[in-house]
file coords26.txt (compact mmCIF, C-alpha atoms)
# COMPACT_ATOMS: atom_id res chain seq x y z
CA MET A 4 0.00 0.00 0.00
CA SER A 5 2.85 2.37 0.87
CA ALA A 6 4.53 1.64 -2.49
CA LEU A 7 1.27 2.47 -4.32
CA LYS A 8 0.93 5.69 -2.34
CA GLU A 9 4.52 6.64 -3.15
CA LYS A 10 3.95 6.03 -6.86
CA PHE A 11 0.76 8.07 -6.74
CA ASN A 12 2.55 10.97 -5.02
CA LYS A 13 5.37 10.83 -7.57
CA CYS A 14 2.82 10.92 -10.38
CA CYS A 15 1.03 13.89 -8.80
CA ASN A 16 4.32 15.71 -8.30
CA TRP A 17 5.27 15.10 -11.92
CA VAL A 18 1.92 16.42 -13.12
CA GLY A 19 2.33 19.41 -10.80
CA SER A 20 5.76 20.21 -12.20
CA LYS A 21 4.45 20.10 -15.76
CA GLN A 22 1.51 22.22 -14.69
CA ASP A 23 3.85 24.83 -13.21
CA ALA A 24 6.03 24.82 -16.33
CA CYS A 25 2.99 25.45 -18.56
CA SER A 26 1.72 28.14 -16.21
CA SER A 27 5.10 29.86 -16.20
CA HIS A 28 5.13 29.83 -19.99
CA LEU A 29 1.59 31.23 -20.07
CA ALA A 30 2.59 34.00 -17.65
CA ARG A 31 5.54 35.02 -19.81
CA ILE A 32 3.38 35.15 -22.93
CA CYS A 33 0.31 36.82 -21.39
CA SER A 34 1.97 39.73 -19.61
CA CYS A 35 1.76 43.48 -19.97
CA GLY A 36 4.06 45.57 -17.81
CA ASN A 37 3.53 44.54 -14.20
CA TYR A 38 0.39 42.57 -15.04
CA ARG A 39 0.37 38.94 -16.07
CA LEU A 40 -2.17 36.16 -16.41
CA VAL A 41 -2.16 33.65 -13.54
CA PHE A 42 -3.35 30.03 -13.69
CA ASN A 43 -4.41 30.37 -10.06
CA ALA A 44 -6.82 27.46 -9.50
CA PRO A 45 -5.83 24.46 -11.64
CA VAL A 46 -8.53 22.04 -10.44
CA THR A 47 -11.25 24.60 -11.07
CA LEU A 48 -9.94 25.72 -14.45
CA TRP A 49 -9.26 22.23 -15.78
CA PHE A 50 -12.63 20.92 -14.59
CA LEU A 51 -14.66 23.81 -15.98
CA GLY A 52 -12.61 23.81 -19.17
CA THR A 53 -13.30 20.11 -19.69
CA CYS A 54 -17.02 20.63 -19.09
CA PHE A 55 -17.08 23.46 -21.62
CA VAL A 56 -15.22 21.46 -24.28
CA VAL A 57 -17.59 18.50 -23.79
CA TRP A 58 -20.63 20.77 -24.07
CA ALA A 59 -19.24 22.47 -27.19
CA LEU A 60 -18.47 19.14 -28.86
CA LYS A 61 -21.93 17.79 -28.07
CA VAL A 62 -23.59 20.89 -29.53
CA SER A 63 -21.39 21.06 -32.63
CA THR A 64 -21.31 17.37 -33.54
CA GLN A 65 -24.75 16.25 -32.31
CA SER A 66 -23.10 12.85 -31.81
CA GLU A 67 -25.23 10.33 -29.96
CA ASN A 68 -22.16 8.27 -29.06
CA LEU A 69 -20.48 11.31 -27.54
CA ALA A 70 -23.60 12.19 -25.58
CA ASN A 71 -23.87 8.62 -24.29
CA PHE A 72 -20.23 8.62 -23.17
CA PHE A 73 -20.84 11.62 -20.93
CA ARG A 74 -23.80 10.21 -19.02
CA SER A 75 -23.97 7.66 -16.25
CA PRO A 76 -24.60 4.00 -17.15
CA ALA A 77 -27.95 2.33 -16.60
CA ARG A 78 -28.18 -0.97 -14.75
CA PHE A 79 -28.69 -3.07 -17.89
CA GLU A 80 -25.48 -1.59 -19.34
CA VAL A 81 -23.53 -2.58 -16.24
CA LEU A 82 -24.96 -6.10 -16.34
CA ASN A 83 -24.06 -6.37 -20.05
CA MET A 84 -20.69 -4.67 -19.94
CA GLY A 85 -19.38 -6.82 -22.80
CA GLN A 86 -21.77 -5.01 -25.15
CA TYR A 87 -20.97 -1.62 -23.58
CA PRO A 88 -17.17 -1.63 -23.06
CA LEU A 89 -17.00 2.07 -22.11
CA THR A 90 -19.33 1.60 -19.15
CA PRO A 91 -16.58 1.70 -16.45
CA LEU A 92 -15.33 5.07 -17.71
CA ARG A 93 -18.84 6.51 -17.64
CA PHE A 94 -18.95 6.09 -13.86
CA VAL A 95 -16.71 9.19 -13.91
CA THR A 96 -17.27 10.95 -17.24
CA HIS A 97 -20.93 11.71 -16.52
CA ILE A 98 -19.91 14.65 -14.29
CA PHE A 99 -18.49 16.47 -17.34
CA GLY A 100 -21.62 16.22 -19.47
CA HIS A 101 -24.53 18.69 -19.40
CA GLY A 102 -27.89 18.68 -21.08
CA ASP A 103 -27.94 22.27 -22.33
CA TRP A 104 -26.36 25.68 -21.86
CA LYS A 105 -28.55 26.59 -18.88
CA HIS A 106 -27.61 23.34 -17.14
CA PHE A 107 -23.91 23.99 -17.83
CA VAL A 108 -23.98 27.59 -16.63
CA GLY A 109 -25.90 26.74 -13.47
CA ASN A 110 -23.33 24.18 -12.36
CA THR A 111 -20.19 25.98 -13.47
CA THR A 112 -21.25 29.28 -11.88
CA SER A 113 -21.62 27.60 -8.50
CA LEU A 114 -18.30 25.78 -8.87
CA LEU A 115 -16.52 28.96 -9.93
CA LEU A 116 -17.65 30.66 -6.73
CA VAL A 117 -16.70 27.84 -4.34
CA LEU A 118 -14.00 25.58 -5.78
CA PRO A 119 -11.15 28.16 -6.04
CA LEU A 120 -11.59 28.90 -2.32
CA LEU A 121 -11.33 25.18 -1.54
CA GLU A 122 -8.10 24.99 -3.55
CA GLU A 123 -6.61 27.54 -1.15
CA LYS A 124 -7.32 25.23 1.77
CA TYR A 125 -6.92 21.68 0.47
CA LYS A 126 -4.47 19.73 -1.66
CA ALA A 127 -5.37 19.69 -5.34
CA ARG A 128 -4.81 15.93 -5.53
CA TRP A 129 -7.11 15.40 -2.55
CA LEU A 130 -9.91 17.42 -4.14
CA VAL A 131 -9.54 15.40 -7.36
CA ILE A 132 -9.74 12.07 -5.49
CA ILE A 133 -12.83 13.16 -3.55
CA THR A 134 -14.49 14.34 -6.75
CA LEU A 135 -13.80 11.03 -8.51
CA LEU A 136 -15.18 9.08 -5.54
CA ASN A 137 -18.23 11.31 -5.59
CA ALA A 138 -18.78 10.63 -9.30
CA VAL A 139 -18.56 6.87 -8.82
CA ALA A 140 -20.77 6.92 -5.71
CA GLY A 141 -23.40 9.02 -7.47
CA ALA A 142 -23.51 6.70 -10.47
CA LEU A 143 -23.74 3.61 -8.25
CA ALA A 144 -26.53 5.14 -6.15
CA ASN A 145 -28.48 6.00 -9.27
CA ILE A 146 -28.07 2.46 -10.64
CA CYS A 147 -29.31 0.96 -7.37
CA LEU A 148 -32.21 3.33 -6.75
CA LYS A 149 -33.28 4.21 -10.32
CA PRO A 150 -31.99 1.41 -12.55
CA ARG A 151 -33.57 2.68 -15.79
CA THR A 152 -32.61 6.32 -15.32
CA VAL A 153 -29.29 7.89 -16.27
CA VAL A 154 -27.85 11.19 -15.06
CA LEU A 155 -25.28 13.71 -16.18
CA GLY A 156 -23.87 16.97 -14.91
CA ALA A 157 -21.70 18.32 -12.12
CA SER A 158 -24.40 19.19 -9.61
CA GLY A 159 -23.24 16.38 -7.31
CA VAL A 160 -19.80 18.01 -7.33
CA VAL A 161 -21.44 21.36 -6.55
CA PHE A 162 -23.11 19.94 -3.44
CA GLN A 163 -19.86 18.27 -2.43
CA CYS A 164 -18.01 21.60 -2.65
CA MET A 165 -20.75 23.44 -0.78
CA LEU A 166 -20.57 21.06 2.17
CA LEU A 167 -16.77 21.28 2.15
CA ALA A 168 -16.94 25.07 2.03
CA VAL A 169 -19.25 25.46 5.03
CA PHE A 170 -16.87 23.27 7.07
CA SER A 171 -14.50 26.22 7.35
CA GLY A 172 -13.85 29.17 9.62
CA ARG A 173 -12.40 28.99 13.13
CA TYR A 174 -12.34 25.67 14.90
CA HIS A 175 -9.56 24.35 17.08
CA SER A 176 -9.54 20.56 17.04
CA PRO A 177 -10.56 17.70 14.73
CA GLY A 178 -13.54 16.95 16.98
CA ASP A 179 -15.08 20.40 16.57
CA ILE A 180 -18.22 20.66 14.41
CA PRO A 181 -18.72 24.16 12.93
CA MET A 182 -22.21 25.57 13.25
CA THR A 183 -22.03 26.66 9.61
CA PHE A 184 -21.74 22.98 8.70
CA ILE A 185 -25.01 22.20 10.52
CA LEU A 186 -26.70 25.10 8.74
CA GLY A 187 -25.30 23.90 5.41
CA VAL A 188 -26.75 20.43 5.92
CA ILE A 189 -30.15 21.91 6.76
CA ILE A 190 -30.18 24.37 3.86
CA PHE A 191 -28.65 22.21 1.14
CA LEU A 192 -29.58 18.62 1.94
CA VAL A 193 -32.94 18.72 3.73
CA PRO A 194 -34.77 20.15 0.66
CA GLU A 195 -33.18 17.44 -1.49
CA ILE A 196 -34.42 14.76 0.89
CA GLN A 197 -37.92 16.26 0.77
CA ALA A 198 -37.85 16.39 -3.05
CA TRP A 199 -36.41 12.90 -3.49
CA GLY A 200 -38.66 10.64 -5.51
CA THR A 201 -40.39 13.46 -7.38
CA ASP A 202 -40.36 13.18 -11.17
CA ASP A 203 -39.03 16.67 -11.92
CA GLY A 204 -36.07 15.75 -14.14
CA ILE A 205 -33.57 16.60 -11.40
CA SER A 206 -31.25 14.01 -9.89
CA HIS A 207 -31.85 14.61 -6.19
CA THR A 208 -30.04 11.33 -5.53
CA ALA A 209 -26.83 12.76 -7.00
CA HIS A 210 -27.29 15.93 -4.93
CA MET A 211 -27.66 13.96 -1.70
CA VAL A 212 -24.73 11.69 -2.51
CA GLY A 213 -22.57 14.69 -3.38
CA GLY A 214 -23.50 16.41 -0.14
CA LEU A 215 -22.84 13.25 1.86
CA VAL A 216 -19.42 12.79 0.23
CA GLY A 217 -18.58 16.43 0.93
CA ALA A 218 -19.68 16.09 4.56
CA LEU A 219 -17.64 12.93 5.13
CA ALA A 220 -14.66 14.45 3.35
CA ALA A 221 -14.86 17.57 5.52
CA PHE A 222 -14.57 15.50 8.69
CA GLY A 223 -11.54 13.67 7.33
CA ALA A 224 -9.88 16.66 5.74
CA GLN A 225 -7.82 18.03 8.63
CA GLY A 226 -4.75 16.12 7.49
CA HIS A 227 -5.02 17.61 4.02
CA ALA A 228 -5.36 21.32 4.83
CA ARG A 229 -2.64 23.50 3.38
CA PHE A 230 -0.37 25.72 5.43
CA ALA A 231 0.93 28.99 4.09
CA GLU A 232 4.59 28.07 4.53
CA GLU A 233 4.10 24.98 2.38
CA VAL A 234 2.90 26.94 -0.65
CA HIS A 235 5.83 27.63 -2.95
CA ARG A 236 5.65 30.30 -5.61
CA SER A 237 8.10 29.83 -8.44
CA GLN A 238 10.57 32.64 -9.01
CA VAL A 239 9.84 32.61 -12.73
CA GLY A 240 6.29 31.30 -12.76
CA MET A 241 2.89 32.44 -11.77
CA THR A 242 1.30 29.45 -10.02
CA ASP A 243 1.57 27.85 -6.62
CA ARG A 244 3.02 24.37 -6.38
CA PHE A 245 0.99 21.60 -4.83
CA THR A 246 3.82 19.20 -4.09
CA ALA A 247 3.78 19.08 -0.30
CA GLN A 248 0.62 20.76 0.86
CA PRO A 249 -1.10 19.05 3.76
CA PRO A 250 -4.05 20.36 5.14
CA GLY A 251 -24.37 20.33 -9.97
CA ALA A 252 -26.90 23.20 -9.79
CA VAL A 253 -29.33 20.93 -11.72
CA GLN A 254 -28.70 17.53 -13.21
CA MET A 255 -30.81 16.50 -16.17
CA THR A 256 -32.12 12.96 -16.24
CA TRP A 257 -33.08 10.79 -19.18
CA ARG A 258 -34.94 7.50 -19.21
CA ALA A 259 -32.72 4.70 -20.51

call {"tool": "encode", "arguments": {"input": "coords26.txt", "output": "C-alpha cells"}}
result
Amino acid sequence: MSALKEKFNKCCNWVGSKQDACSSHLARICSCGNYRLVFNAPVTLWFLGTCFVVWALKVSTQSENLANFFRSPARFEVLNMGQYPLTPLRFVTHIFGHGDWKHFVGNTTSLLLVLPLLEEKYKARWLVIITLLNAVAGALANICLKPRTVVLGASGVVFQCMLLAVFSGRYHSPGDIPMTFILGVIIFLVPEIQAWGTDDGISHTAHMVGGLVGALAAFGAQGHARFAEEVHRSQVGMTDRFTAQPPGAVQMTWRA
C-alpha cells in the first residue's frame, strides 16, 4: 500500500511540475508591464474547461455516441458490460456532461464561486480524489435506486463543494463541528431529501450523494489542509506548487 501511495505521489508531483512549467510559460506570454495572467486554480480551471469542451463538442457534432459517453450507465449496461465496453469510464465521465447551456452555466457558476476557495485550503490531488469518488458513488446510487434512469452533470460536485466550504472558519480541534456545517446540511440537503422521488427531471439522488461525500470528506480533511509556509511560488512562474501541501446546480435525467 505504501509503495502504491509513493507512486501516486510521484505521479502527482510530476503532473504538478508540468503544470507549473505550462503556467510559467503562459505567464511570460500573457503579460503586460507589471500585469500577467495567472493560472491560479488548476482544479477549477481544468474541470470547468473540460465541461465546456464537452458541451461544445456535443452541440457542434450532435453525436449520440459522444452524448452517451458523458452520461452515467444504466443498470442493464452494467450487467451487459461486454456489449458496452465504455461503461466503467462513464462512472466518472458523466460529471463532465450537461444537457444544455442553462444546465452547464448553473453548475459551473456555482463551482466557480466555491471551488477556487477550496483549492486555497486543500491539496489539489485530494480534491480530485474526492471528486472522482463522488462521481462513482453518485452513479452507483443512481443504478441501485433508479436502474432505468441515467444522469449527467456536475451538480453532485457542486453539493460536495458546498458542504466542504461550510466546514471552514475557526475551529480548534478535529472533533469540533462548525455551526455553519449544521446550517449547510439543513439548507442544502434537507430540501433534497424532501424532493427525493419526485419526477421533476432533477437528480436529487446525486445531490444527496454529493452532499454526503462532501460532509464525510470535511470530517476527514484536517490532514489535508494546506499551510501557508508549504505553498511555494516559483521565481519565474505564476502558479503555486501543490507538491507538499497538507491540510451540480441541476442535473438533467433521461430515461434509458

call {"tool": "closest_residue", "arguments": {"input": "coords26.txt", "among": "A:Glu195, A:Phe170, A:Leu186, A:Pro181", "to": "Ala220 (chain A)", "atoms": "all atoms listed in the file"}}
result
A:Phe170

call {"tool": "atom_distance", "arguments": {"input": "coords26.txt", "atom1": "CA of Val153 (chain A)", "atom2": "CA of Arg74 (chain A)"}}
result
6.6 Å

call {"tool": "closest_residue", "arguments": {"input": "coords26.txt", "among": "A:Phe79, A:Tyr38, A:Phe222, A:Phe99", "to": "Leu51 (chain A)", "atoms": "only C-alpha atoms"}}
result
A:Phe99

call {"tool": "residues_around", "arguments": {"input": "coords26.txt", "residues": "His97 (chain A)", "least_positions_apart": "6", "cutoff": "7 Å", "atoms": "all atoms listed in the file", "output": "tab-separated table (two decimals) with C-alpha atoms, keeping the file's coordinate frame"}}
result
chain	number	residue	atom	x	y	z
A	73	PHE	CA	-20.84	11.62	-20.93
A	74	ARG	CA	-23.80	10.21	-19.02
A	75	SER	CA	-23.97	7.66	-16.25
A	155	LEU	CA	-25.28	13.71	-16.18
A	156	GLY	CA	-23.87	16.97	-14.91

call {"tool": "closest_residue", "arguments": {"input": "coords26.txt", "among": "A:Trp17, A:Trp129, A:Trp199, A:Phe184", "to": "Val46 (chain A)", "atoms": "all atoms listed in the file"}}
result
A:Trp129

call {"tool": "closest_residue", "arguments": {"input": "coords26.txt", "among": "A:Ala140, A:Val108, A:Ala198, A:Leu82", "to": "Trp58 (chain A)", "atoms": "all atoms listed in the file"}}
result
A:Val108

call {"tool": "residues_around", "arguments": {"input": "coords26.txt", "residues": "region 130-133 of chain A", "least_positions_apart": "6", "cutoff": "9 Å", "atoms": "only C-alpha atoms", "output": "list of chain:residue names"}}
result
A:Val46, A:Leu121, A:Glu122, A:Gln163, A:Val216, A:Gly217, A:Ala220

call {"tool": "closest_residue", "arguments": {"input": "coords26.txt", "among": "A:Pro45, A:Ala218, A:His210, A:Val95", "to": "Leu136 (chain A)", "atoms": "all atoms listed in the file"}}
result
A:Val95

call {"tool": "closest_residue", "arguments": {"input": "coords26.txt", "among": "A:Ala157, A:Leu89, A:Ile185, A:Ala30", "to": "Ala138 (chain A)", "atoms": "all atoms listed in the file"}}
result
A:Ala157

call {"tool": "atom_distance", "arguments": {"input": "coords26.txt", "atom1": "CA of Asn145 (chain A)", "atom2": "CA of Thr201 (chain A)"}}
result
14.2 Å

call {"tool": "atom_distance", "arguments": {"input": "coords26.txt", "atom1": "CA of Leu148 (chain A)", "atom2": "CA of Arg78 (chain A)"}}
result
9.9 Å

call {"tool": "closest_atom_pairs", "arguments": {"input": "coords26.txt", "of": "region 22-66 of chain A", "to": "region 109-114 of chain A", "cutoff": "12 Å", "atoms": "only C-alpha atoms", "output": "tab-separated table"}}
result
residue	atom	partner	partner_atom	distance
A:Ala44	CA	A:Leu114	CA	11.6
A:Val46	CA	A:Leu114	CA	10.6
A:Thr47	CA	A:Leu114	CA	7.5
A:Leu48	CA	A:Leu114	CA	10.1
A:Trp49	CA	A:Thr111	CA	11.8
A:Phe50	CA	A:Thr111	CA	9.2
A:Leu51	CA	A:Thr111	CA	6.4
A:Gly52	CA	A:Thr111	CA	9.7
A:Thr53	CA	A:Thr111	CA	11.0
A:Cys54	CA	A:Thr111	CA	8.4
A:Phe55	CA	A:Thr111	CA	9.1
A:Trp58	CA	A:Thr111	CA	11.8
